[in-house]
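*Asks:* First the structure, then my questions, so here it is.
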Amino acid sequence: MNQTLLRRASRLFGLQTSYQNVFNETVWASDAVLVRTLQDLTRTKITSNDDLRRLITDRLQQPWRNAVPSTLVGWGGKGLRFRLYASHEFLKNLAISAKAADGATGQALANQATHPLDFTATLIRNSERGSIFEIAIETSLPLGYHVITVENPQHAHEIYCICPPEKLETPKHLKQTEGPFIPLYALRTGTEIGMGSLRELKKIAAKLHQEGNSWIATLPLLAGNFDAPDCDPSPYSAITRLFWNELYIDLEEAVQHYGTAEAKDRLGSNDFQTEAKRLRELDYADYHATYQLKKSVLKILAKDFFEQGDNTTQEFKAFAAENPAVHRYAAFRSSEREEQQFHIFAQFEMCRQLRDFQKSSPVGLYLDFPVGVTDAGFDFHDQPEIFFKEVSVGAPPEPVFQNGQDWGFPAFHPARLRATRYTYFQQALRNHLRFGRLLRLDHVMGLFRVYCIPKGWSAKDGVYLRFPPEDLFAIAILEAHLAGCDFIGENLGTVPPEVNALMQKRGIKGMWVLEMEFAHSPEKALTQIPETSLACMNTHDMPMLAAFAEAKDLPQSCELGILAPRYLQSFTTDRLNQAKPWTEKFGAANGGELARNVSIEIRSRNHSTLSRTLKTFGAKSARRIFRARGASIQTGAANSASFCPDLDETPWVSAVKSVNGRHGDRLFRKRCTPSLSRCFASRRDHQTLGDENEELDPCTRTFHDFSLCTKFVCSTTHRHLGLRRAPAVGARRRKSRNHGHQQYLQTCLCSTPSLSERTRRLLRVAT
């Protein structure tokens, strides 16, 4: 098969035939992978050069068949230009008009009326098929979504037009703000039912506001599957981006709001309270048992809700209009009417409580928009046509993960998603922006291109698939503008310079992470914090700064088989050498002191006054405010660099250890101060479970000595395996799927900016 033809066909359909790896080396996609991916993308069998020629010809003829592009982006509603493929006769009596798109939001054109647009047409060139004209629309359009019609008496063509602001402006109430990162399930008050919920969130929000915080960052709060034997509580393995996790409902508030006698009796019954007490005392957060316990009350509320006709109220009708797929979602979750009513009610109640929190809380939510959803979930089942199901999203080989990473999520199919006018993507964003003040876009590069791995192939054999260059990005900015929210783009790791440049141009904030700048001197690193960024010590899937600075994580990385033992000494030496100028500058005797002192320095550099939060959290009095061995301050982002210092050890948010343990058919999370390697080992990297009674790793006790309470990283089941723990007798072991994100060694050991050249050379051969 002719390689030139194959590569030309691949590029025409958005496949990159090569990319630059972290060592700035060009990696070429193999012919076999290109053929396989191109076949799946086009649904065409490719066995010969003639097949490739037909694909190329068909692709080149597509503009002539369509005459106009299907989608157009007009930044600020101005400068709209597109190419028209038509004959000279088509221009006769040509008219161009615009109207608001169906369901459009924003400054829509009035009353769905058609508004004529002024334009000029410039001939670019003639061809055998006809002529190519550039159409420049001189009329400005309001921000929002529009349908542009290009027509003459014989033909009419439509263009879906997205008009976002030229730059996303940070709302005034978010400028120079800060807040802690607290996984919601980690919150504990001594009265929680199994794990933290919106009830605990409301309590801590009032205290955080007193200390000068504006928002609370957390992990994705999306719906998951908590029924045995498939319980998978990973926040990054959600079954949908359209609906919420009912485990976080404030059950007491729901019972009080609806006043159902039977539900009150169940909530106050001895067996309910006994089980709730048992769950609070567990070392593990038992998702399945907590779900079943809460569900026993929610089902009673749901039954009464529908029997009393509450589903006919204006409030419920408004909810159904905002969530048009809710009945399909309930049908996906169960075929039984009673179960369907439970799921509908649970979503209604979760939205009601989130809205009440948004209205009443002085502290907003900083939500997380995950890069994908599981192919076993509702979104994939409900709209299979927009997903590229023959591949999964991942990451190419990097220094430690030399075989690449396969996260197991299906990719969007660029052409099919565009054909739907991006309805699903808009709905998913609105679902988050409806309740959040800030939204983190996980793997922001995924708005431009994704690394696709054909099913059955190794992650090192993947190829990049490009999306239309501006469509998803423009929609994200427009939706944030309409909602009055702000975006943080996770742009860590290997990100093309043009992506960072576009983020800066369009006002999406990036991230500055201290651990990724550790190889630089303190003076250089701290003076180069971007003005528009979220600054933090680490991220949710990186080690805590105190352990990082003292290389405490490296021995455990050897235990897990991620790092070859023969490189332990050289890696440790490099890390300690990097830490030395930092500890000397900030007068720190250990990593814990370094975390606190660096926090103060970053605040003083980027804020006019020190925040009361740091003063409180750094003092012993903080112990009376929170139970927090798993939280951290994460200051953010709006038009000023800010940061995320590690907290002093304090006691209100539980130190919930991230664990993928098995006990029968249940999945648990450990409550304890996180142990680094156990927090960050990917499921695929480490499958061995140890003795049932094995003690916590010595590194855990070290963290207690540090009085360290950092970012509650890596949360649990989500892509990482935790403490070694033997399953109960007869228990089945879960089939492992690596949902790995930027896993811990990728960033804490091996991110290119953080390493010496000598270390990078060693990593190329490390096993």
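Each chain of the structure tokens is named A, B, ... in the order shown, its residues numbered from 1; ligands are numbered from 1 in display order.
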Taking 6 positions as the minimum chain separation for residues in the same chain, which residues sit within 9 Å of stretch 321-324 of chain A when counting only C-alpha atoms? Answer as an MDAnalysis selection string.
*Replies:* chainID A and resid 242:243 427 431
*Asks:* By how many Å are atom CA of A:Leu293 and atom CA of A:Ala228 apart?
*Replies:*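 For atom CA of A:Leu293 relative to atom CA of A:Ala228, the distance reads 13.6 Å.
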*Asks:* For each of A:Asp486, A:Asp442, A:Asp232, A:Asp379, take the minimum atom-to-atom distance to A:Tyr287, counting only C-alpha atoms, then give the residue where this is smallest.
*Replies:*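 Selected residue with least distance to A:Tyr287: A:Asp232.
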*Asks:* Quick one: pick out all alpha helix (DSSP H) residues within stretch 353-549 of chain A from a backbone DSSP run and write them as a ChimeraX atom specification.
*Replies:* /A:353-360,378-382,414-419,423-433,471-483,497-506,522-527,545-549
*Asks:* Of the candidates A:Thr240, A:Thr17, A:Thr573, A:Thr26, which shows the shortest atom-to-atom distance to A:Gln383, using only C-alpha atoms?
*Replies:*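 Closest to A:Gln383, using only C-alpha atoms: A:Thr240.
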*Asks:* Using only C-alpha atoms, which residue out of A:Leu34, A:Ile159, A:Leu279, A:Ala579 lies closest to A:Arg81?
*Replies:*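 Counting only C-alpha atoms, the residue closest to A:Arg81 is A:Ile159.
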*Asks:* Between atom CA of A:Thr532 and atom CA of A:Asn500, measure the distance and give it in Å to one decimal.
*Replies:* 11.7 Å
*Asks:* Closest to A:Glu89 among A:Pro63, A:Gln154, A:His381, A:Asp271, using only C-alpha atoms?
*Replies:*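 Nearest to A:Glu89: A:Gln154.
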*Asks:* With only C-alpha atoms counted and 8 Å as the cut-off, give the residues of stretch 357-461 of chain A in contact with stretch 488-498 of chain A, each with its shortest interatomic distance in Å and the pair that gives it, as CSV.
*Replies:*
residue,atom,partner,partner_atom,distance
A:Leu438,CA,A:Ile488,CA,7.3
A:Leu439,CA,A:Ile488,CA,6.1
A:Arg440,CA,A:Ile488,CA,4.7
A:Leu441,CA,A:Gly489,CA,4.9
A:Asp442,CA,A:Glu490,CA,5.4
A:His443,CA,A:Glu490,CA,5.3
A:Val444,CA,A:Gly489,CA,5.2
A:Met445,CA,A:Val495,CA,6.8
*Asks:* Would you work out the distance separating atom CA of A:Ile96 from atom CA of A:Val150, expressed in Å to one decimal?
*Replies:*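 Here the two named atoms are 4.7 Å from each other.
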*Asks:* Name all residues at most 8 Å from stretch 46-61 of chain A (count only C-alpha atoms; drop same-chain ones fewer than 3 positions away) and give them as an NGL selection string.
*Replies:* :A and (1-2 or 5-6 or 8-9 or 12-13 or 35 or 39 or 64-65)
*Asks:* Near A:Asp227, counting only C-alpha atoms, which residues have an atom at most 12 Å away, once you skip same-chain residues fewer than 4 positions from it, shown as a list in words?
*Replies:*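 Skipping anything fewer than 4 positions along the chain leaves Cys231, Asp232, Pro233, Asp286, Tyr287, His288, Ala289, Thr290, Tyr291, Gln292, Leu293, Lys295, Arg333, Ser334, Asp665, Arg666 and Leu667 of chain A.
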*Asks:* Which residues, written as number ranges by chain, have at least one atom at most 9 Å from A:Arg430, with only C-alpha atoms counted and residues fewer than 2 positions away on the same chain left out?
*Replies:* A: 242, 425-428, 432-435, 479-480, 483
*Asks:* Output all heavy atoms for every residue in the selection just made, as a compact mmCIF listing (two decimals), in the first residue's frame.
*Replies:*
# COMPACT_ATOMS: atom_id res chain seq x y z
N LEU A 242 -23.98 14.34 32.35
CA LEU A 242 -25.23 15.09 32.34
C LEU A 242 -25.99 15.02 33.66
O LEU A 242 -26.91 15.80 33.89
CB LEU A 242 -26.14 14.57 31.22
CG LEU A 242 -25.57 14.63 29.80
CD1 LEU A 242 -26.55 14.00 28.82
CD2 LEU A 242 -25.27 16.06 29.39
N PHE A 425 -22.17 18.24 23.93
CA PHE A 425 -21.10 18.98 24.59
C PHE A 425 -21.65 20.23 25.27
O PHE A 425 -21.27 20.56 26.40
CB PHE A 425 -20.03 19.36 23.56
CG PHE A 425 -18.82 20.02 24.13
CD1 PHE A 425 -17.98 19.34 25.01
CD2 PHE A 425 -18.49 21.33 23.80
CE1 PHE A 425 -16.85 19.94 25.55
CE2 PHE A 425 -17.37 21.94 24.32
CZ PHE A 425 -16.55 21.25 25.21
N GLN A 426 -22.58 20.91 24.63
CA GLN A 426 -23.21 22.08 25.24
C GLN A 426 -23.98 21.70 26.50
O GLN A 426 -23.87 22.37 27.54
CB GLN A 426 -24.15 22.75 24.23
CG GLN A 426 -23.46 23.36 23.04
CD GLN A 426 -24.43 23.74 21.94
OE1 GLN A 426 -25.60 23.35 21.97
NE2 GLN A 426 -23.96 24.49 20.97
N GLN A 427 -24.76 20.62 26.42
CA GLN A 427 -25.55 20.20 27.58
C GLN A 427 -24.65 19.80 28.74
O GLN A 427 -24.96 20.11 29.91
CB GLN A 427 -26.45 19.04 27.18
CG GLN A 427 -27.57 19.42 26.23
CD GLN A 427 -28.36 18.21 25.74
OE1 GLN A 427 -27.91 17.07 25.86
NE2 GLN A 427 -29.53 18.46 25.18
N ALA A 428 -23.55 19.11 28.45
CA ALA A 428 -22.65 18.68 29.52
C ALA A 428 -22.00 19.89 30.21
O ALA A 428 -21.88 19.93 31.44
CB ALA A 428 -21.58 17.75 28.95
N HIS A 432 -22.70 21.63 34.36
CA HIS A 432 -21.71 22.02 35.36
C HIS A 432 -21.77 23.52 35.66
O HIS A 432 -21.71 23.94 36.82
CB HIS A 432 -20.30 21.64 34.88
CG HIS A 432 -20.03 20.18 34.90
ND1 HIS A 432 -20.56 19.31 33.97
CD2 HIS A 432 -19.28 19.41 35.73
CE1 HIS A 432 -20.15 18.08 34.23
NE2 HIS A 432 -19.37 18.12 35.29
N LEU A 433 -21.86 24.32 34.62
CA LEU A 433 -21.82 25.77 34.80
C LEU A 433 -23.07 26.30 35.50
O LEU A 433 -23.07 27.40 36.05
CB LEU A 433 -21.65 26.46 33.44
CG LEU A 433 -20.32 26.17 32.74
CD1 LEU A 433 -20.34 26.70 31.31
CD2 LEU A 433 -19.15 26.76 33.50
N ARG A 434 -24.12 25.51 35.49
CA ARG A 434 -25.36 25.89 36.17
C ARG A 434 -25.14 26.05 37.67
O ARG A 434 -25.80 26.86 38.33
CB ARG A 434 -26.42 24.83 35.89
CG ARG A 434 -27.84 25.22 36.18
CD ARG A 434 -28.76 24.09 35.74
NE ARG A 434 -28.76 23.94 34.29
CZ ARG A 434 -28.78 22.78 33.65
NH1 ARG A 434 -28.77 21.65 34.32
NH2 ARG A 434 -28.79 22.75 32.33
N PHE A 435 -24.19 25.28 38.22
CA PHE A 435 -24.01 25.26 39.67
C PHE A 435 -22.61 25.66 40.11
O PHE A 435 -22.36 25.78 41.31
CB PHE A 435 -24.32 23.87 40.22
CG PHE A 435 -25.69 23.37 39.86
CD1 PHE A 435 -25.85 22.24 39.07
CD2 PHE A 435 -26.83 24.03 40.29
CE1 PHE A 435 -27.11 21.78 38.73
CE2 PHE A 435 -28.09 23.58 39.95
CZ PHE A 435 -28.24 22.45 39.16
N GLU A 479 -20.20 29.35 26.56
CA GLU A 479 -21.02 28.85 27.66
C GLU A 479 -20.57 29.44 29.00
O GLU A 479 -21.40 29.78 29.85
CB GLU A 479 -20.97 27.32 27.70
CG GLU A 479 -21.64 26.63 26.53
CD GLU A 479 -23.14 26.86 26.48
OE1 GLU A 479 -23.74 27.18 27.53
OE2 GLU A 479 -23.71 26.74 25.38
N ALA A 480 -19.27 29.57 29.21
CA ALA A 480 -18.78 30.18 30.45
C ALA A 480 -19.19 31.64 30.52
O ALA A 480 -19.57 32.14 31.59
CB ALA A 480 -17.26 30.04 30.53
N ALA A 483 -22.84 31.93 31.40
CA ALA A 483 -23.13 31.52 32.78
C ALA A 483 -22.47 32.43 33.81
O ALA A 483 -22.75 32.29 35.01
CB ALA A 483 -22.65 30.08 32.99
*Asks:* Select, from A:Ala564, A:Ala525, A:Leu84, A:Ala549, the residue with the minimum atom-to-atom distance to A:Glu601, counting only C-alpha atoms.
*Replies:*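 Ranking A:Ala564, A:Ala525, A:Leu84, A:Ala549 by distance to A:Glu601, first place goes to A:Ala525.
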*Asks:* Residues of stretch 170-414 of chain A in strand (DSSP E) according to DSSP, as JSON, numbers by chain?
*Replies:* {"A": [177, 178, 179, 180, 181, 215, 216, 217, 284, 285, 286, 364, 365, 366, 367, 368, 369, 387, 388, 389, 390, 391, 392, 393, 394, 395, 405, 406, 407, 408, 409, 410, 411, 412]}
*Asks:* List the neighbours of stretch 350-362 of chain A out to 7 Å using only C-alpha atoms; skip same-chain residues closer than 5 positions along the sequence, and give me the result as a PyMOL selection string.
*Replies:* chain A and resi 205+209+244+246+249+435
*Asks:* Fewer than 3 positions away in the same chain doesn't count, so skip those; otherwise give me all residues within 8 Å of A:Tyr160, counting only C-alpha atoms, as a PyMOL selection string.
*Replies:* chain A and resi 70-72+101+145-148+421
*Asks:* Dump N, CA and C atoms for the selected residues as a short mmCIF file (atom, residue, chain, number, x, y, z; two decimals), in the first residue's frame?
*Replies:*
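Full text of part_15.cif as output:
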data_model
loop_
_atom_site.label_atom_id
_atom_site.label_comp_id
_atom_site.auth_asym_id
_atom_site.auth_seq_id
_atom_site.Cartn_x
_atom_site.Cartn_y
_atom_site.Cartn_z
N SER A 70 -20.25 23.42 7.61
CA SER A 70 -21.39 23.15 8.49
C SER A 70 -21.37 24.01 9.74
N THR A 71 -20.17 24.45 10.16
CA THR A 71 -20.03 25.24 11.39
C THR A 71 -19.08 26.39 11.13
N LEU A 72 -19.36 27.50 11.79
CA LEU A 72 -18.54 28.69 11.63
C LEU A 72 -18.39 29.35 13.00
N ALA A 101 -30.42 30.16 16.67
CA ALA A 101 -30.52 28.71 16.59
C ALA A 101 -31.57 28.20 17.55
N TYR A 145 -25.61 31.58 19.68
CA TYR A 145 -25.66 30.60 18.60
C TYR A 145 -26.67 31.04 17.55
N HIS A 146 -26.28 30.95 16.30
CA HIS A 146 -27.13 31.39 15.21
C HIS A 146 -27.09 30.38 14.07
N VAL A 147 -28.09 30.46 13.21
CA VAL A 147 -28.10 29.69 11.97
C VAL A 147 -28.05 30.68 10.82
N ILE A 148 -27.01 30.59 10.02
CA ILE A 148 -26.86 31.45 8.85
C ILE A 148 -27.34 30.67 7.63
N ARG A 421 -24.38 19.51 15.80
CA ARG A 421 -24.20 20.89 16.26
C ARG A 421 -23.78 20.95 17.73
#
*Asks:* So which one's closest to A:Asp118, A:Val363, A:Cys163, A:Ala547, A:Ile135? Using only C-alpha atoms, please.
*Replies:*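 Smallest separation from A:Asp118 among the options: A:Ile135.
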